[in-house]
Amino acid sequence: NQVQSAIDATPLGGSAQLYAPPGTLIVLDGTAFTITSKSISLVSSDEGAIIDGGGRSRLFTLLTGAALELTGVNCTNGRATQLSPLGPAGGAFLIGESNLTLVGAFVTNCTVTDNSASSKGGGMYNYKGNPTFTNCIIWGNETIAQNVRGQGPPSYYNSIIEGSGGSDNWDNSFGTNGGYNFDSDPWFFRKSNPGDAPTSVGDFHLLRGSLAIDS
């Protein structure tokens, strides 16, 4: 996998910026991208790149000293189970665990949907990290708990976060409300069921009238 190879080639304590042309489909081979003690930025544009876990693995595992920045990337079909490395939490993102610490994950102009975890955090499980979500959609991730769970302080700005209550009725268990957040259906062109992953049914373009358009 070219992305993991680029991550591995980045020296500890170093950084790398990766670019994926819009429309690029990156399907994982059953193993999550894993980042430790380095900073990685993955950028796309326009309609964005897609990272697809194929319903077989988590998408990203961020460990000690890791920093991840995603811009214009759609994260889908991630899955965490009892057999997943580091356990069944965080279908798309697992941010730290036990005594691990990290710099943070920054997700901008991204969609996190149709991910599942058999324990906690279908979209993300955060432990002692400081993730920031700006202009993002976290919606339709299946889990026993909610879309976003963990013990660190995530921050959200101008995003659609399922179950959060939106800025007007914010649920503080989700983290910090940076303002202009919504808890409303983003109106995907075609929804899919994360329990059906892997699937190609979903189409996450937005319908006219979606709160996520030009917001």
# chains A, B, ... in the order shown; residues from 1 in each chain; ligands from 1
$ residues_around --residues "stretch 170-177 of chain A" --least-positions-apart "6" --cutoff "6 Å" --atoms "only C-alpha atoms" --output "ChimeraX atom specification"
/A:153-156,164
$ residues_around --residues "A:Ser159" --least-positions-apart "3" --cutoff "8 Å" --atoms "only C-alpha atoms" --output "CSV table (one decimal) with N, CA, C and O atoms, in the first residue's frame"
chain,number,residue,atom,x,y,z
A,133,PHE,N,-12.4,18.6,14.4
A,133,PHE,CA,-13.2,18.3,13.2
A,133,PHE,C,-13.7,19.7,12.7
A,133,PHE,O,-14.4,20.3,13.5
A,134,THR,N,-13.4,20.1,11.5
A,134,THR,CA,-13.9,21.3,10.9
A,134,THR,C,-14.6,21.0,9.6
A,134,THR,O,-14.0,20.4,8.7
A,135,ASN,N,-15.8,21.5,9.4
A,135,ASN,CA,-16.5,21.3,8.2
A,135,ASN,C,-16.7,19.8,7.8
A,135,ASN,O,-16.4,19.4,6.7
A,136,CYS,N,-17.0,19.0,8.8
A,136,CYS,CA,-17.0,17.6,8.6
A,136,CYS,C,-18.4,17.0,8.9
A,136,CYS,O,-19.3,17.7,9.5
A,137,ILE,N,-18.6,15.8,8.4
A,137,ILE,CA,-19.8,15.0,8.6
A,137,ILE,C,-19.5,13.7,9.3
A,137,ILE,O,-18.7,13.0,8.8
A,138,ILE,N,-20.0,13.5,10.5
A,138,ILE,CA,-19.9,12.2,11.2
A,138,ILE,C,-21.3,11.7,11.4
A,138,ILE,O,-22.0,12.1,12.2
A,156,TYR,N,-15.2,20.4,17.7
A,156,TYR,CA,-16.0,20.4,16.5
A,156,TYR,C,-16.4,21.8,16.1
A,156,TYR,O,-16.9,22.6,17.0
A,180,TYR,N,-21.7,26.4,15.4
A,180,TYR,CA,-22.2,26.2,14.1
A,180,TYR,C,-22.2,24.7,13.8
A,180,TYR,O,-22.0,24.3,12.6
A,181,ASN,N,-22.5,23.8,14.8
A,181,ASN,CA,-22.6,22.4,14.6
A,181,ASN,C,-24.1,22.0,14.5
A,181,ASN,O,-24.9,22.7,15.1
A,182,PHE,N,-24.4,20.9,13.8
A,182,PHE,CA,-25.8,20.5,13.6
A,182,PHE,C,-25.9,19.0,13.9
A,182,PHE,O,-24.9,18.2,13.8
A,212,ALA,N,-25.1,20.8,4.9
A,212,ALA,CA,-23.6,20.8,4.7
A,212,ALA,C,-23.2,21.5,3.5
A,212,ALA,O,-22.0,21.7,3.3
$ residues_around --residues "A:Thr10" --least-positions-apart "2" --cutoff "12 Å" --atoms "only C-alpha atoms" --output "ChimeraX atom specification"
/A:3-8,12-18,35-41,66
$ closest_residue --among "A:Gly54, A:Met124, A:Thr31, A:Asp183" --to "A:Asn169" --atoms "only C-alpha atoms"
A:Asp183
$ residues_around --residues "A:Val43" --least-positions-apart "4" --cutoff "6 Å" --atoms "only C-alpha atoms" --output "list of chain:residue names"
A:Tyr19, A:Leu70, A:Thr71
$ closest_residue --among "A:Asn74, A:Thr64, A:Asn1, A:Ser119" --to "A:Thr24" --atoms "only C-alpha atoms"
A:Asn74
$ select_by_dssp --residues "stretch 30-186 of chain A" --states "strand (DSSP E)" --output "ChimeraX atom specification"
/A:33-35,39-43,49-52,60-62,67-71,73-76,79-80,93-95,104-108,111-113,116-117,124-126,132-134,137-139,142-143,148-150,155-157,160-161,176-177
$ residues_around --residues "A:Pro85" --least-positions-apart "5" --cutoff "10 Å" --atoms "only C-alpha atoms" --output "mmCIF file with all heavy atoms, in the first residue's frame"
data_model
loop_
_atom_site.group_PDB
_atom_site.id
_atom_site.type_symbol
_atom_site.label_atom_id
_atom_site.label_comp_id
_atom_site.auth_asym_id
_atom_site.auth_seq_id
_atom_site.Cartn_x
_atom_site.Cartn_y
_atom_site.Cartn_z
ATOM 1 N N THR A 31 -5.782 -4.283 6.996
ATOM 2 C CA THR A 31 -4.912 -3.729 8.036
ATOM 3 C C THR A 31 -5.043 -2.219 8.049
ATOM 4 O O THR A 31 -4.958 -1.567 6.991
ATOM 5 C CB THR A 31 -3.441 -4.106 7.781
ATOM 6 O OG1 THR A 31 -3.320 -5.527 7.713
ATOM 7 C CG2 THR A 31 -2.553 -3.586 8.912
ATOM 8 N N ALA A 32 -5.250 -1.643 9.223
ATOM 9 C CA ALA A 32 -5.396 -0.188 9.346
ATOM 10 C C ALA A 32 -4.079 0.523 9.078
ATOM 11 O O ALA A 32 -2.994 -0.026 9.294
ATOM 12 C CB ALA A 32 -5.893 0.162 10.748
ATOM 13 N N SER A 57 -11.419 -3.870 8.418
ATOM 14 C CA SER A 57 -10.461 -3.328 9.372
ATOM 15 C C SER A 57 -10.794 -1.886 9.718
ATOM 16 O O SER A 57 -11.516 -1.204 8.993
ATOM 17 C CB SER A 57 -9.032 -3.390 8.815
ATOM 18 O OG SER A 57 -8.858 -2.452 7.766
ATOM 19 N N ARG A 58 -10.268 -1.430 10.831
ATOM 20 C CA ARG A 58 -10.266 -0.013 11.182
ATOM 21 C C ARG A 58 -9.499 0.739 10.104
ATOM 22 O O ARG A 58 -8.657 0.174 9.399
ATOM 23 C CB ARG A 58 -9.600 0.139 12.543
ATOM 24 C CG ARG A 58 -9.457 1.531 13.077
ATOM 25 C CD ARG A 58 -8.691 1.543 14.402
ATOM 26 N NE ARG A 58 -9.394 0.777 15.420
ATOM 27 C CZ ARG A 58 -8.886 -0.297 16.020
ATOM 28 N NH1 ARG A 58 -7.693 -0.734 15.688
ATOM 29 N NH2 ARG A 58 -9.585 -0.928 16.930
ATOM 30 N N THR A 61 -5.091 3.851 13.008
ATOM 31 C CA THR A 61 -4.723 3.696 14.412
ATOM 32 C C THR A 61 -3.590 4.675 14.693
ATOM 33 O O THR A 61 -2.527 4.611 14.067
ATOM 34 C CB THR A 61 -4.252 2.262 14.719
ATOM 35 O OG1 THR A 61 -5.318 1.346 14.429
ATOM 36 C CG2 THR A 61 -3.871 2.129 16.193
ATOM 37 N N ALA A 80 -14.203 -2.323 13.455
ATOM 38 C CA ALA A 80 -13.374 -2.801 14.559
ATOM 39 C C ALA A 80 -14.138 -3.880 15.316
ATOM 40 O O ALA A 80 -15.298 -3.694 15.670
ATOM 41 C CB ALA A 80 -13.011 -1.652 15.499
#
$ residues_around --residues "A:Val112" --least-positions-apart "4" --cutoff "12 Å" --atoms "only C-alpha atoms" --output "PyMOL selection string"
chain A and resi 50-53+59+70+72-78+90-93+107-108+116+121-124+133+135-142+147-148+159-162+186+194+204
$ closest_residue --among "A:Gly30, A:Pro131, A:Tyr157, A:Gly179" --to "A:Gly55" --atoms "only C-alpha atoms"
A:Gly30
$ atom_distance --atom1 "atom CA of A:Ile26" --atom2 "atom CA of A:Arg79"
15.3 Å
$ select_by_dssp --residues "stretch 1-126 of chain A" --states "alpha helix (DSSP H)" --output "PyMOL selection string"
chain A and resi 2-9
$ closest_residue --among "A:Leu42, A:Ala117, A:Ala9, A:Leu25" --to "A:Ser84" --atoms "only C-alpha atoms"
A:Ala117
$ atom_distance --atom1 "atom CA of A:Ser45" --atom2 "atom CA of A:Pro22"
5.6 Å
